[in-house]
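> Sharing a structure here in structure tokens format.
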Amino acid sequence: MTNPLSSTKILIVAEHDRGHLKLATLAAVCCAQQVCQATGGAFEILVLGEQVADVVSSLAPYGAAVVLKADHSSLLNPVADQYAQVISKVVKDRGATMVAAAASTFSKDVLPRAAALVDAGMLGDVVSVTPDGDDFTFERVMFAGNVIATVKLDGPLKVLTVRSSAFSVPTKVDAASPVIDVSVDSSSQSGLTTFVSREEKPSGRPDATEARIVVSGGRALKNSEDFERLVGGLADKLGAAVGSSRALVDSGITSNTLQIGQTGKVVAPDLYIGLGISGAIQHLAGMKDSKVIVAVNQDSDAPIFEIADYGLVADVYQVVPELIGKLGQK
Ligand SMILES: Cc1cc2nc3c(=O)[nH]c(=O)nc-3n(C[C@H](O)[C@H](O)[C@H](O)COP(=O)(O)OP(=O)(O)OC[C@H]3O[C@@H](n4cnc5c(N)ncnc54)[C@H](O)[C@@H]3O)c2cc1C
């Protein structure tokens, strides 16, 4: 008997930063592989941007029916209105029944607009997709990770973002997916939003959402020099990314691009080191899926010790320089 969901056609929207594939996209590909394995459906991957050939080829070995390349100068910067227009057209043209991307700031900006254009319901932060008769049941994270909701989405087309920590690396296949060029009609775009500029402070450090090790600092760090010396110094010894609690962002000590948590980045590295962070639920929401958690806090009752695998009750101003010194001797 054929599976009632065998006509499932998933469109994965890839995310990249000026030609550098965001690894979280692979979690969405893994989700698509799992759904297609369970249903007999197929998935396609859409890459938008300008000069995206490298991103397209890096996504070729994962068994997508096709990789769709929307390569156009008007897509150089990810202006959400423009991207959503192209995505909605591709969804209609390709007859997608599900659209998925990694849960990220990019997706939060782009996917709800695309969902609205194709009149589809949307779920964010999905951690599992289960075939259920002729429909799907989804699990998604709510309330800073304290509740897992089991939900259904009405309608034939479903749009979702998936949590990368819930899906692993997708399997590779022998044959490369064929590539199809998508024509982009920039004159049909609304033009209501235009790209002005992009400001960034190059740190030379990896992005916290992609790094294997993240060193984060909290309110214990009194100023940005101390943060750079202790948190940045330890991170550099370990080849790690740097993160921050919101307390430091709010006080202007760190940039909000470093914030980990409910309203910041969600990370799941192999090792997370929290220095002088209390462990408020809004912070835990962004890092509790890390494989090994190490906490340094001078208060032995700090809530972060409840989820830490290794805890050190100590003053960060004392132990972190010692640790950096010891790592330096190696
Ligand atoms: C809607 C909402 C969303 C939020 N989103 C986020 C979010 O995304 N991310 C986030 O982080 N927070 C978020 N927050 C804020 C969150 O509730 C906490 O206020 C914040 O996480 C606290 O940061 P902290 O642990 O650095 O500071 P504190 O809670 O002040 O903790 C500082 C810790 O450092 C320890 N300490 C002090 N000095 C030293 C020292 N010398 N050595 C060792 N330890 C020391 C203290 O014992 C204490 O445990 C959000 C809050 C709300 C309401």
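By order of appearance in the structure tokens: chains A, B, ..., then residues from 1 within every chain, and ligands from 1 in the order shown.
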Any idea what's packed within 12 Å of Val196 (chain A), counting only C-alpha atoms, ignoring anything in its chain fewer than 5 positions away? Could you give it as a list in words?
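So the residues in contact are Asn77, Pro78 and Val79 of chain A.
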> Taking only C-alpha atoms and all ligand atoms and a cut-off of 9 Å, can you tell me which residues surround ligand 1, written as JSON, numbers by chain?
{"A": [144, 217, 218, 219, 220, 221, 222, 244, 245, 246, 247, 248, 249, 259, 260, 261, 262, 263, 264, 265, 266, 274, 275, 276, 277, 278, 279, 280, 281, 282, 283, 284, 285, 286, 296, 297, 298, 299, 300, 301, 302, 303, 304, 313, 314, 315, 316, 317, 318, 319]}
> Pick out the residues sitting within 6 Å of region 19-29 of chain A, and hand them over as JSON, numbers by chain; count only C-alpha atoms, and ignore anything fewer than 4 positions along from it in its own chain.
{"A": [14, 15, 52, 55, 101, 102, 164, 167, 168]}
> List every residue of region 58-302 of chain A that DSSP, applied to the backbone of this structure, assigns to helix (DSSP H, G or I), and report them as number ranges by chain.
A: 58, 60-62, 73-75, 80-94, 105-117, 143-145, 164-166, 186-188, 224-238, 246-250, 256-258, 281-287
> Run DSSP on the backbone and give me the residues of region 66-297 of chain A it puts in strand (DSSP E or B), as a PyMOL selection string.
chain A and resi 67-71+98-102+121-132+135-142+147-151+158-162+179-181+213-217+241-244+259-260+265+271-275+292-297
> Name the closest residue to Ala60 (chain A) among the candidates A:Glu44, A:Glu200, A:Glu225, A:Asp309; distances are taken between atoms, counting only C-alpha atoms.
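The shortest atom-to-atom distance to Ala60 (chain A) comes from A:Glu44.
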> Using only C-alpha atoms, pick whichever of A:Thr161, A:Ser58, A:Ser186, A:Ser73 has the shortest atom-to-atom distance to Arg140 (chain A).
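Among A:Thr161, A:Ser58, A:Ser186, A:Ser73, it is A:Thr161 that comes nearest to Arg140 (chain A).
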> Point out the residue among A:Met142, A:Met1, A:Leu76, A:Leu192 with the least atom-to-atom distance to Thr39 (chain A), counting only C-alpha atoms.
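Closest to Thr39 (chain A) of all the choices is A:Met1.
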> Quick one: residues within 10 Å of Gly325 (chain A), only C-alpha atoms counted, chain neighbours fewer than 5 positions away excluded, as a list in words?
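Contacts, with the query itself left out: Gly233, Leu234, Lys237, Val319, Val320 and Lys330 of chain A.
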> Include all heavy atoms and write out the residues we just selected as a tab-separated table (two decimals), in the first residue's frame.

chain	number	residue	atom	x	y	z
A	233	GLY	N	39.96	35.79	25.84
A	233	GLY	CA	41.27	35.14	25.99
A	233	GLY	C	41.14	33.63	26.10
A	233	GLY	O	41.89	32.88	25.45
A	234	LEU	N	40.19	33.17	26.89
A	234	LEU	CA	40.01	31.71	27.03
A	234	LEU	C	39.50	31.11	25.71
A	234	LEU	O	39.96	30.05	25.27
A	234	LEU	CB	39.02	31.41	28.17
A	234	LEU	CG	38.77	29.94	28.46
A	234	LEU	CD1	40.08	29.20	28.77
A	234	LEU	CD2	37.78	29.77	29.63
A	237	LYS	N	42.31	30.62	23.25
A	237	LYS	CA	43.16	29.46	23.58
A	237	LYS	C	42.52	28.16	23.10
A	237	LYS	O	43.20	27.18	22.80
A	237	LYS	CB	43.38	29.36	25.10
A	237	LYS	CG	44.31	30.40	25.64
A	237	LYS	CD	45.75	30.09	25.27
A	237	LYS	CE	46.66	31.19	25.78
A	237	LYS	NZ	47.92	31.27	25.05
A	319	VAL	N	40.29	32.45	38.58
A	319	VAL	CA	40.59	31.16	37.92
A	319	VAL	C	40.77	31.26	36.41
A	319	VAL	O	41.53	30.47	35.84
A	319	VAL	CB	39.52	30.08	38.24
A	319	VAL	CG1	39.53	29.73	39.71
A	319	VAL	CG2	38.15	30.47	37.75
A	320	VAL	N	40.12	32.21	35.77
A	320	VAL	CA	40.24	32.24	34.31
A	320	VAL	C	41.66	32.63	33.86
A	320	VAL	O	42.22	31.96	32.99
A	320	VAL	CB	39.13	33.12	33.66
A	320	VAL	CG1	39.30	33.18	32.15
A	320	VAL	CG2	37.75	32.57	34.00
A	330	LYS	N	50.94	24.82	27.17
A	330	LYS	CA	50.91	23.55	26.42
A	330	LYS	C	51.59	23.67	25.08
A	330	LYS	O	51.53	24.71	24.46
A	330	LYS	CB	49.47	23.12	26.24
A	330	LYS	CG	48.86	22.76	27.57
A	330	LYS	CD	47.77	21.75	27.40
A	330	LYS	CE	47.50	21.03	28.71
A	330	LYS	NZ	46.63	19.92	28.58
> Would you kindly return, as a PyMOL selection string, each protein, DNA or RNA residue with an atom no farther than 10 Å from any atom of region 109-125 of chain A, considering only C-alpha atoms and excluding same-chain residues fewer than 3 positions away?
chain A and resi 13+78-89+91-92+97-106+128+138-142+145+151-164+166
> Given only C-alpha atoms as the basis, pick out the residue of A:Leu11, A:Ala149, A:Val129, A:Val184 nearest to Asp71 (chain A).
A:Val184
> Measuring between only C-alpha atoms, which one of A:Gln37, A:Ser255, A:Thr8, A:Ser216 shows the shortest distance to Gly243 (chain A)?
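Closest to Gly243 (chain A) of all the choices is A:Ser216.
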> Excluding same-chain residues fewer than 5 positions from Ser224 (chain A), what lies within 9 Å of it counting only C-alpha atoms, as a list in words?
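The residues that qualify are Arg229, Leu248, Gly252, Ile253 and Thr254 of chain A.
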> Those selected residues, please, written with all heavy atoms and delivered as a CSV table (one decimal), in the first residue's frame.

chain,number,residue,atom,x,y,z
A,229,ARG,N,39.6,40.2,27.8
A,229,ARG,CA,40.7,39.5,28.3
A,229,ARG,C,40.4,38.1,28.9
A,229,ARG,O,41.2,37.2,28.6
A,229,ARG,CB,41.3,40.4,29.5
A,229,ARG,CG,42.5,39.9,30.2
A,229,ARG,CD,43.1,41.0,31.1
A,229,ARG,NE,42.1,41.5,32.1
A,229,ARG,CZ,41.9,40.9,33.3
A,229,ARG,NH1,42.7,39.9,33.7
A,229,ARG,NH2,41.1,41.4,34.2
A,248,LEU,N,25.0,41.5,30.0
A,248,LEU,CA,26.2,42.2,29.5
A,248,LEU,C,25.8,43.0,28.3
A,248,LEU,O,26.3,44.1,28.0
A,248,LEU,CB,27.3,41.3,29.2
A,248,LEU,CG,28.0,40.6,30.4
A,248,LEU,CD1,29.3,39.9,29.9
A,248,LEU,CD2,28.4,41.7,31.4
A,252,GLY,N,25.7,47.3,27.8
A,252,GLY,CA,26.6,47.8,26.8
A,252,GLY,C,28.0,47.3,26.8
A,252,GLY,O,28.9,47.7,26.0
A,253,ILE,N,28.2,46.2,27.5
A,253,ILE,CA,29.6,45.6,27.6
A,253,ILE,C,29.9,44.7,26.4
A,253,ILE,O,31.0,44.7,25.9
A,253,ILE,CB,29.8,44.8,28.9
A,253,ILE,CG1,29.8,45.9,30.1
A,253,ILE,CG2,31.0,44.0,29.0
A,253,ILE,CD1,29.8,45.2,31.5
A,254,THR,N,28.8,44.0,25.9
A,254,THR,CA,29.0,43.2,24.7
A,254,THR,C,27.9,43.6,23.7
A,254,THR,O,26.9,44.1,24.0
A,254,THR,CB,28.8,41.7,25.1
A,254,THR,OG1,27.6,41.5,25.8
A,254,THR,CG2,29.9,41.2,26.0
